[in-house]
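File shown: entry01.cif (mmCIF, C-alpha atoms).
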data_protein
loop_
_atom_site.label_atom_id
_atom_site.label_comp_id
_atom_site.auth_asym_id
_atom_site.auth_seq_id
_atom_site.Cartn_x
_atom_site.Cartn_y
_atom_site.Cartn_z
CA MET A 1 27.05 39.08 196.30
CA LEU A 2 27.92 35.57 197.41
CA ILE A 3 26.04 32.81 195.58
CA ILE A 4 26.02 29.59 197.58
CA ASN A 5 24.81 26.02 197.13
CA ILE A 6 25.45 25.88 193.39
CA LYS A 7 24.93 22.32 192.19
CA TYR A 8 27.07 22.78 189.05
CA LEU A 9 29.30 25.80 188.45
CA VAL A 10 29.98 25.38 184.74
CA ASN A 11 33.00 26.33 182.62
CA VAL A 12 35.33 27.29 185.45
CA ARG A 13 38.67 28.33 183.98
CA GLU A 14 41.74 29.98 185.44
CA GLU A 15 42.57 31.50 182.06
CA SER A 16 40.89 31.87 178.67
CA ARG A 17 42.05 29.79 175.75
CA LEU A 18 40.43 29.15 172.37
CA LEU A 19 39.35 25.51 172.26
CA ARG A 20 40.11 23.39 169.21
CA GLY A 21 39.18 19.84 168.32
CA SER A 22 39.05 17.45 171.25
CA GLU A 23 39.55 20.31 173.72
CA LEU A 24 35.92 21.30 173.13
CA SER A 25 34.69 18.32 175.12
CA ASN A 26 36.56 19.47 178.22
CA LEU A 27 34.05 21.48 180.25
CA PRO A 28 35.39 22.15 183.77
CA ILE A 29 32.64 21.98 186.39
CA LEU A 30 32.72 22.52 190.15
CA GLU A 31 30.04 20.57 192.01
CA ASN A 32 28.42 21.99 195.16
CA ALA A 33 30.15 25.33 194.78
CA TRP A 34 30.01 29.01 195.72
CA LEU A 35 30.72 32.12 193.65
CA LEU A 36 31.71 35.57 194.90
CA ILE A 37 30.85 38.67 192.85
CA SER A 38 32.01 42.24 193.51
CA ASN A 39 31.96 45.45 191.46
CA SER A 40 30.19 43.64 188.58
CA LYS A 41 32.94 41.00 188.26
CA ILE A 42 33.69 37.46 189.33
CA MET A 43 36.05 37.69 192.29
CA ASN A 44 36.39 34.12 193.53
CA TYR A 45 34.80 30.67 193.63
CA GLY A 46 35.27 27.36 195.36
CA LEU A 47 33.64 24.33 196.96
CA MET A 48 30.99 24.72 199.63
CA SER A 49 32.96 22.32 201.83
CA GLU A 50 35.81 24.84 201.87
CA LEU A 51 33.70 27.97 202.50
CA LYS A 52 34.29 29.34 205.99
CA GLN A 53 31.50 30.93 207.99
CA GLU A 54 33.53 34.11 208.51
CA ASP A 55 33.69 34.54 204.71
CA ILE A 56 29.91 34.88 204.53
CA ASN A 57 29.54 38.60 205.23
CA ASP A 58 28.09 39.90 201.96
CA GLU A 59 24.67 39.72 200.37
CA VAL A 60 23.98 36.01 200.02
CA TYR A 61 21.92 34.33 197.34
CA ASP A 62 21.07 30.65 197.79
CA ALA A 63 21.13 28.86 194.41
CA LYS A 64 19.40 25.87 196.02
CA GLN A 65 21.38 23.25 194.10
CA THR A 66 20.77 24.69 190.65
CA THR A 67 23.28 25.32 187.88
CA VAL A 68 25.24 28.53 187.18
CA LEU A 69 26.99 29.02 183.87
CA PRO A 70 28.38 31.94 181.86
CA SER A 71 25.92 33.74 179.61
CA TRP A 72 25.72 32.82 175.94
CA CYS A 73 28.09 34.70 173.62
CA ASP A 74 26.25 35.13 170.31
CA SER A 75 28.88 36.15 167.74
CA HIS A 76 26.72 36.38 164.59
CA THR A 77 23.42 38.28 164.42
CA HIS A 78 21.53 40.73 162.19
CA LEU A 79 19.48 42.11 165.07
CA VAL A 80 18.79 45.54 163.54
CA PHE A 81 16.10 45.29 160.87
CA ALA A 82 12.93 47.18 160.02
CA GLU A 83 10.29 44.48 159.72
CA THR A 84 9.76 40.74 159.90
CA ARG A 85 9.33 38.68 156.71
CA GLU A 86 6.60 36.19 157.54
CA ASN A 87 5.20 36.46 154.00
CA GLU A 88 8.38 34.78 152.80
CA PHE A 89 7.81 32.15 155.47
CA ILE A 90 4.58 31.28 153.65
CA ASP A 91 6.50 31.20 150.33
CA LYS A 92 8.90 28.68 151.87
CA ILE A 93 6.01 26.51 153.01
CA ASN A 94 4.69 26.64 149.44
CA GLY A 95 8.00 25.29 148.17
CA LEU A 96 9.93 28.34 146.98
CA THR A 97 13.68 28.20 147.53
CA TYR A 98 15.83 30.91 149.11
CA ALA A 99 17.08 31.87 145.63
CA GLU A 100 13.55 31.96 144.15
CA ILE A 101 12.31 34.22 146.92
CA ALA A 102 15.23 36.58 146.31
CA ALA A 103 14.56 36.57 142.56
CA LYS A 104 11.00 37.85 143.10
CA GLY A 105 12.15 40.77 145.24
CA GLY A 106 12.34 39.09 148.61
CA GLY A 107 15.32 38.23 150.72
CA ILE A 108 18.02 40.74 151.63
CA LEU A 109 16.80 43.34 149.13
CA ASN A 110 13.36 43.22 150.72
CA SER A 111 14.85 44.00 154.14
CA ALA A 112 17.04 46.71 152.59
CA ARG A 113 14.04 48.44 151.01
CA LYS A 114 12.12 48.44 154.29
CA LEU A 115 15.13 49.58 156.33
CA ASN A 116 15.80 52.57 154.12
CA GLU A 117 12.16 53.62 154.60
CA THR A 118 12.40 53.40 158.41
CA SER A 119 13.76 56.07 160.74
CA GLU A 120 16.74 55.54 163.02
CA GLU A 121 14.54 56.02 166.10
CA ILE A 122 12.10 53.30 165.09
CA LEU A 123 14.95 50.93 164.19
CA LEU A 124 16.48 51.54 167.61
CA GLU A 125 13.18 50.96 169.41
CA ARG A 126 12.53 47.67 167.62
CA ALA A 127 16.11 46.44 168.02
CA GLN A 128 16.05 47.20 171.74
CA ILE A 129 12.90 45.12 172.20
CA ARG A 130 14.60 42.19 170.46
CA LEU A 131 17.77 42.61 172.49
CA ASN A 132 15.82 42.68 175.75
CA GLU A 133 14.24 39.37 174.81
CA LEU A 134 17.62 37.80 174.01
CA ILE A 135 19.09 38.96 177.31
CA GLN A 136 16.20 37.27 179.15
CA LEU A 137 17.06 34.10 177.19
CA GLY A 138 20.60 34.18 178.53
CA THR A 139 22.63 36.09 175.93
CA GLY A 140 25.29 38.14 177.73
CA ALA A 141 27.42 39.32 174.78
CA ILE A 142 26.43 39.84 171.16
CA GLU A 143 27.70 40.86 167.73
CA ILE A 144 25.34 42.82 165.45
CA LYS A 145 25.87 43.34 161.72
CA SER A 146 24.71 46.03 159.35
CA GLY A 147 23.95 44.91 155.79
CA TYR A 148 20.33 45.89 155.24
CA GLY A 149 21.17 49.43 154.19
CA LEU A 150 23.17 48.65 151.04
CA SER A 151 23.77 52.39 150.58
CA PRO A 152 26.07 54.85 152.35
CA GLU A 153 23.13 56.41 154.20
CA GLY A 154 21.45 53.12 155.09
CA GLU A 155 24.60 51.42 156.35
CA LEU A 156 25.56 54.45 158.45
CA LYS A 157 22.03 54.51 159.89
CA MET A 158 22.24 50.87 160.91
CA LEU A 159 25.67 51.25 162.49
CA ARG A 160 24.56 54.33 164.40
CA VAL A 161 21.68 52.29 165.80
CA ILE A 162 24.15 49.60 166.89
CA GLN A 163 26.34 52.28 168.47
CA ARG A 164 23.35 53.56 170.45
CA LEU A 165 22.55 50.01 171.55
CA LYS A 166 26.12 49.78 172.83
CA GLN A 167 25.65 52.96 174.83
CA GLN A 168 22.31 52.08 176.44
CA ASN A 169 22.84 48.40 177.30
CA GLN A 170 24.88 46.60 179.92
CA ILE A 171 26.12 43.73 177.75
CA PRO A 172 29.19 43.86 175.49
CA ILE A 173 28.13 44.53 171.90
CA LYS A 174 30.35 44.31 168.80
CA ALA A 175 29.42 46.05 165.53
CA THR A 176 30.18 44.61 162.10
CA PHE A 177 29.95 46.48 158.79
CA LEU A 178 28.30 44.21 156.21
CA GLY A 179 27.75 46.55 153.29
CA ALA A 180 28.82 43.65 151.08
CA HIS A 181 25.70 41.65 151.96
CA ALA A 182 24.17 41.83 148.49
CA PHE A 183 24.23 44.06 145.41
CA PRO A 184 21.48 46.71 145.50
CA ALA A 185 19.15 46.80 142.52
CA MET A 186 20.71 49.94 141.06
CA TYR A 187 24.11 48.21 140.93
CA LYS A 188 22.86 44.89 139.57
CA GLU A 189 24.71 45.47 136.30
CA ASN A 190 27.58 47.42 137.85
CA LYS A 191 29.01 45.24 140.60
CA ILE A 192 32.45 46.83 140.36
CA GLY A 193 30.80 50.20 140.96
CA TYR A 194 29.19 48.99 144.20
CA ILE A 195 32.43 47.43 145.44
CA ASN A 196 34.18 50.73 144.76
CA LEU A 197 31.42 52.54 146.69
CA ILE A 198 32.02 50.25 149.67
CA ILE A 199 35.79 50.71 149.56
CA ASN A 200 36.06 54.40 148.69
CA GLU A 201 33.06 55.89 150.51
CA MET A 202 31.41 53.58 153.01
CA ILE A 203 34.49 52.26 154.81
CA PRO A 204 36.18 55.68 155.26
CA ASN A 205 32.95 57.27 156.51
CA ILE A 206 32.29 54.43 158.95
CA ALA A 207 35.87 54.60 160.22
CA SER A 208 35.68 58.38 160.67
CA GLU A 209 32.78 57.92 163.12
CA ASN A 210 34.30 54.78 164.69
CA LEU A 211 31.08 52.88 164.06
CA ALA A 212 32.35 49.34 163.44
CA ASP A 213 34.65 46.79 165.01
CA TYR A 214 34.66 44.33 162.09
CA ILE A 215 34.00 44.06 158.38
CA ASP A 216 32.08 41.19 156.79
CA VAL A 217 31.34 39.99 153.24
CA PHE A 218 28.76 37.52 151.96
CA CYS A 219 31.11 35.37 149.89
CA GLU A 220 28.73 33.32 147.76
CA ASN A 221 27.94 32.45 144.16
CA GLY A 222 25.90 35.28 142.65
CA PHE A 223 26.98 37.67 145.39
CA PHE A 224 30.62 38.43 146.20
CA THR A 225 33.45 36.28 144.84
CA GLN A 226 36.52 35.21 146.78
CA GLU A 227 38.48 37.94 145.00
CA ASP A 228 35.82 40.55 145.87
CA THR A 229 35.79 39.37 149.46
CA GLU A 230 39.53 39.63 149.92
CA GLN A 231 39.62 43.06 148.26
CA ILE A 232 36.90 44.44 150.54
CA CYS A 233 38.35 42.88 153.70
CA LEU A 234 41.82 44.22 152.97
CA ALA A 235 40.34 47.67 152.38
CA GLY A 236 38.66 47.45 155.77
CA GLU A 237 41.87 46.27 157.41
CA LYS A 238 43.54 49.56 156.44
CA TYR A 239 41.02 51.26 158.74
CA GLY A 240 41.41 48.77 161.58
CA LEU A 241 38.40 46.61 160.72
CA LYS A 242 39.16 42.92 161.14
CA ALA A 243 37.36 40.42 158.93
CA LYS A 244 34.46 38.06 159.72
CA ILE A 245 33.18 36.27 156.60
CA HIS A 246 29.89 34.68 155.53
CA ALA A 247 31.43 31.59 153.95
CA ASN A 248 30.14 28.54 152.06
CA GLN A 249 26.48 28.75 153.00
CA LEU A 250 25.12 27.61 149.63
CA ASN A 251 28.18 26.65 147.57
CA LEU A 252 31.92 26.08 147.74
CA SER A 253 32.36 29.82 147.36
CA GLY A 254 35.99 30.32 148.38
CA GLY A 255 34.90 31.96 151.61
CA VAL A 256 37.09 29.74 153.78
CA GLN A 257 40.10 30.41 151.56
CA ALA A 258 39.38 34.14 151.69
CA GLY A 259 39.10 33.98 155.47
CA CYS A 260 42.47 32.30 155.78
CA ASN A 261 44.08 34.73 153.32
CA VAL A 262 42.91 37.84 155.17
CA ASN A 263 43.40 36.46 158.70
CA ALA A 264 39.69 36.61 159.49
CA ILE A 265 38.53 36.23 163.08
CA SER A 266 35.89 33.76 161.93
CA VAL A 267 34.30 32.16 158.90
CA ASP A 268 30.59 31.67 159.47
CA HIS A 269 27.97 29.22 158.10
CA LEU A 270 30.00 26.42 156.40
CA GLU A 271 26.95 24.34 155.49
CA THR A 272 28.70 23.49 152.20
CA ILE A 273 32.26 22.41 152.77
CA SER A 274 34.82 19.95 151.41
CA SER A 275 37.77 18.14 152.95
CA ASN A 276 40.04 20.86 151.57
CA GLU A 277 38.26 23.60 153.54
CA ILE A 278 38.14 21.43 156.65
CA SER A 279 41.89 20.96 156.34
CA LEU A 280 42.39 24.72 156.08
CA LEU A 281 40.48 25.20 159.33
CA SER A 282 42.51 22.59 161.20
CA ASN A 283 45.57 24.77 161.77
CA SER A 284 46.19 26.53 165.07
CA THR A 285 46.14 29.93 163.35
CA SER A 286 43.09 29.39 161.13
CA PRO A 287 39.81 31.29 161.69
CA ILE A 288 37.12 30.14 164.09
CA ALA A 289 34.41 28.11 162.36
CA THR A 290 31.17 29.70 163.52
CA LEU A 291 28.22 27.38 162.92
CA LEU A 292 24.63 28.60 162.64
CA PRO A 293 22.34 25.56 162.95
CA SER A 294 19.09 27.50 163.39
CA CYS A 295 19.57 28.88 159.88
CA SER A 296 19.84 25.35 158.49
CA PHE A 297 16.78 24.39 160.54
CA TYR A 298 14.67 27.25 159.19
CA LEU A 299 15.79 26.91 155.55
CA LYS A 300 15.71 23.09 155.66
CA MET A 301 19.32 22.99 154.43
CA HIS A 302 22.27 20.77 155.19
CA TYR A 303 23.84 21.31 158.58
CA ALA A 304 27.51 22.15 158.88
CA PRO A 305 29.65 19.03 159.54
CA ALA A 306 30.59 19.83 163.12
CA ARG A 307 31.97 16.38 163.88
CA ASP A 308 34.33 16.44 160.89
CA LEU A 309 35.51 19.91 161.88
CA ILE A 310 36.06 18.91 165.51
CA ASN A 311 37.81 15.68 164.54
CA ASN A 312 40.17 17.74 162.40
CA ASN A 313 41.10 20.16 165.19
CA ALA A 314 38.98 23.13 164.12
CA ALA A 315 37.83 25.75 166.61
CA ILE A 316 34.01 25.78 166.72
CA ALA A 317 31.71 28.57 167.87
CA LEU A 318 27.92 28.54 167.83
CA ALA A 319 25.76 31.57 167.04
CA SER A 320 22.12 32.30 166.24
CA ASP A 321 22.31 34.23 162.92
CA TYR A 322 19.23 36.09 164.17
CA ASN A 323 17.72 37.80 161.11
CA PRO A 324 14.26 38.24 159.58
CA GLY A 325 14.80 36.05 156.53
CA SER A 326 16.70 32.87 157.33
CA SER A 327 16.87 32.60 161.13
CA PRO A 328 14.11 34.62 162.82
CA SER A 329 15.16 33.59 166.32
CA GLY A 330 18.04 34.60 168.57
CA ASN A 331 17.34 31.93 171.17
CA MET A 332 20.76 30.46 171.94
CA ASN A 333 19.17 27.73 174.06
CA PHE A 334 17.56 26.36 170.91
CA VAL A 335 20.89 26.71 169.06
CA LEU A 336 22.46 24.60 171.80
CA SER A 337 19.82 21.90 171.30
CA LEU A 338 20.22 21.92 167.51
CA ALA A 339 23.98 21.62 167.91
CA CYS A 340 23.52 18.42 169.89
CA ILE A 341 20.58 16.96 167.95
CA GLN A 342 21.57 17.87 164.38
CA LEU A 343 25.32 18.61 164.51
CA LYS A 344 25.99 15.65 166.84
CA MET A 345 27.94 17.79 169.27
CA LEU A 346 28.22 16.68 172.88
CA PRO A 347 26.56 18.99 175.44
CA GLU A 348 30.01 19.92 176.73
CA GLU A 349 31.18 20.81 173.22
CA ALA A 350 28.09 22.86 172.50
CA ILE A 351 28.30 24.82 175.76
CA ASN A 352 31.97 25.62 175.15
CA ALA A 353 31.19 26.66 171.58
CA ALA A 354 28.37 28.95 172.76
CA THR A 355 30.36 30.54 175.59
CA ILE A 356 34.16 30.73 175.59
CA ASN A 357 34.67 30.16 171.85
CA GLY A 358 31.82 32.55 171.06
CA ALA A 359 33.62 35.12 173.19
CA PHE A 360 36.82 34.55 171.20
CA ALA A 361 34.85 35.06 167.97
CA MET A 362 34.11 38.60 169.21
CA GLU A 363 37.52 39.12 170.88
CA LEU A 364 35.73 39.36 174.22
CA GLN A 365 37.49 36.40 175.82
CA ASN A 366 38.94 38.60 178.59
CA GLU A 367 35.49 39.90 179.55
CA VAL A 368 32.99 37.04 179.20
CA GLY A 369 32.57 33.38 178.21
CA SER A 370 33.72 31.51 181.32
CA ILE A 371 33.71 31.52 185.11
CA THR A 372 37.07 33.23 185.49
CA LYS A 373 38.29 35.68 188.12
CA GLY A 374 38.12 39.22 186.80
CA LYS A 375 35.52 38.57 184.10
CA LEU A 376 32.10 40.20 184.07
CA ALA A 377 29.49 38.43 186.15
CA ASN A 378 27.20 37.82 183.18
CA LEU A 379 25.56 34.60 184.24
CA ILE A 380 22.68 32.20 183.71
CA LEU A 381 21.06 30.58 186.73
CA THR A 382 18.92 27.61 185.76
CA LYS A 383 15.83 26.06 187.22
CA PRO A 384 16.41 22.78 189.12
CA ASN A 385 18.10 20.27 186.83
CA THR A 386 19.69 16.87 187.02
CA SER A 387 22.66 17.45 184.69
CA ILE A 388 23.99 19.90 182.14
CA ALA A 389 22.72 17.58 179.39
CA LEU A 390 19.19 18.56 180.40
CA LEU A 391 19.74 22.02 178.86
CA PRO A 392 20.01 20.85 175.21
CA TYR A 393 17.77 17.84 175.85
CA SER A 394 14.81 20.01 176.89
CA PHE A 395 14.68 21.89 173.60
CA GLY A 396 11.12 23.14 174.07
CA SER A 397 11.44 24.27 177.68
CA ASN A 398 12.83 27.42 179.22
CA LEU A 399 15.16 26.19 181.94
CA ILE A 400 16.50 29.65 182.78
CA ASP A 401 15.39 30.91 186.18
CA LYS A 402 17.42 34.12 186.45
CA VAL A 403 19.88 36.13 184.37
CA MET A 404 22.63 38.28 185.81
CA LEU A 405 24.43 41.12 184.02
CA ASN A 406 27.44 42.80 185.60
CA GLY A 407 26.66 41.20 188.93
CA THR A 408 23.02 42.32 189.08
CA PHE A 409 19.91 40.20 188.51
CA ILE A 410 17.70 41.63 185.77
#

Take the structure in the file and give it back as structure tokens.
Amino acid sequence: MLIINIKYLVNVREESRLLRGSELSNLPILENAWLLISNSKIMNYGLMSELKQEDINDEVYDAKQTTVLPSWCDSHTHLVFAETRENEFIDKINGLTYAEIAAKGGGILNSARKLNETSEEILLERAQIRLNELIQLGTGAIEIKSGYGLSPEGELKMLRVIQRLKQQNQIPIKATFLGAHAFPAMYKENKIGYINLIINEMIPNIASENLADYIDVFCENGFFTQEDTEQICLAGEKYGLKAKIHANQLNLSGGVQAGCNVNAISVDHLETISSNEISLLSNSTSPIATLLPSCSFYLKMHYAPARDLINNNAAIALASDYNPGSSPSGNMNFVLSLACIQLKMLPEEAINAATINGAFAMELQNEVGSITKGKLANLILTKPNTSIALLPYSFGSNLIDKVMLNGTFI
């Protein structure tokens, strides 16, 4: 397929490189461009003024001066869950905090109880419906975590669902084992016992079935300490599971330090952070700082200090944190708007963070995340627009006209 008359061809890159600090504001755009797709991949691109008539011999799609950009790369979700938690939504309206809701049996343990009562087939059916919706909203690569099983059987069930989603969908999907999401009720007074269960039973069983790409830990006060986090991540590393860490959502938990110590791919959340942690993330080898502004929006919490992180040379990715308790939306278009409105990121920075850097946070940078020859043609085609800034500006509007996966409109 040859796409012609593209007003803005966004994030055109000859090669993929993780963007840090000021590099995030550099968003290469071709104006009045064409794009050639073959065998599901991007083959070539250029300016309409340079396109020769004899080159137009394939199926042609006229973009009619609209924008084409790479699909969103959502590197942090909890897409597989049994049921929504709108009752807790009412509790929040009535003034209960996240911790108070958890104390009365809500939160993660609520989702874990419901998940363990739900069959694998039903979990798969519900997750597929959610994933279909996200694809229509422009997500072209996604990471999905376990973490609502909190038992060997429950975690394996979740990861098998994610594996089946991988098999029956066209978009790249990464699976993350998050058994260390919370302590189940039966281990409330035996935390060492649960950590040993994760290390000695869950991780080996998951590895034997090749069910996960990454391992994650909720490093937070009252959950898993920095020492716990490093111990679990290093245990996963022995089985080839690289670390991605829930870090510093509620407190200065040591999650950033743990991420640096275990060479994590990313440290995610960072709503609570000091100059020391920002300094740790400023090095060229430090983890990607994955920010989740829709979680802050829903919980009415502080937003991560994106500007401080960018000004100190951190690598920023944006993700949805789609889950039933603290971010019941996987709409990356809204995440983009929140990044600009609340995190004070420029549209160019936000788009880079939600595409190429999001791809790096899933180690998919050679497949998706930019308009680059050889990458999958996973694309968003917008409705008519005046500039790329209109995308985050129009936070309540759906500006997506068409979505393409592997070179085919869906």

Query - For atom CA of A:Ser370 and atom CA of A:Leu405, the interatomic separation in Å (one decimal) - result: 13.6 Å

Query raised in the report: Written as a PyMOL selection string, which residues does the PyMOL selection byres ((chain A and resi 384) around 9) give for the file shown?
Result: chain A and resi 64-67+382-383+385-386+399+401

Requested in this report: Find the residue from A:Leu109, A:Pro184, A:Thr176, A:Ala304 that sits nearest to A:Ala207; use only C-alpha atoms when measuring.
Outcome: A:Thr176

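Matched in the shown structure by the PyMOL selection byres ((chain A and resi 213-216) around 6): A:Ala175, A:Thr176, A:Phe177, A:Leu178, A:Ala212, A:Val217, A:Leu241, A:Lys242, A:Ala243, A:Lys244, A:Ile245.
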
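For the residues A:Ala314, A:Ile142, A:Leu291, A:Leu79, ranking by smallest atom-to-atom distance to A:Ile173 using only C-alpha atoms places A:Ile142 first.
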
Query raised in the report: Using the chain letters and numbers from the file, which residues does the PyMOL selection byres ((chain A and resi 150-167) around 6) grab, as a PyMOL selection string?
Result: chain A and resi 116+124+146+148-149+168-169+173+179+202+211

Query raised in the report: Which distance in Å separates atom CA of A:Asn26 and atom CA of A:Ile356, to one decimal?
Result: 11.8 Å

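Taking atom CA of A:Leu270 and atom CA of A:Leu309 as endpoints, the distance between them is 10.1 Å.
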
Report task. Please identify all polymer residues within 7 Å of A:Pro324, counting all atoms listed in the file, omitting same-chain residues fewer than 4 positions from it, and present them as a list in words. Result -> Thr84, Arg85 and Pro328 of chain A

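Nearest to A:Gly46 of all the residues A:Ile171, A:Leu280, A:Ile3, A:Leu24 is A:Ile3, counting all atoms listed in the file.
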
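Distances from A:Leu299, A:Ala82, A:Ile273, A:Val256 to A:Ile101 were compared using all atoms listed in the file, and the smallest one belongs to A:Leu299.
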
Requested in this report: Identify the residues around (16.5, 42.5, 160.7) within a radius of 10 Å, measuring from all atoms listed in the file in the coordinates stated by the file, and give them as an MDAnalysis selection string.
Outcome: chainID A and resid 77:85 108 111:112 114:115 123 126:127 130 145:148 322:325 327:328

Requested in this report: Mind listing whatever residues come within 10 Å of the point (42.0, 32.5, 155.8)? Use all atoms listed in the file, file coordinates, and give them as JSON, numbers by chain.
Outcome: {"A": [230, 243, 245, 254, 255, 256, 257, 258, 259, 260, 261, 262, 263, 264, 265, 266, 267, 277, 280, 281, 285, 286, 287, 288]}

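Among the candidates A:Pro204, A:Gly240, A:Gln249, A:Leu19, the one nearest to A:Phe218 when counting only C-alpha atoms is A:Gln249.
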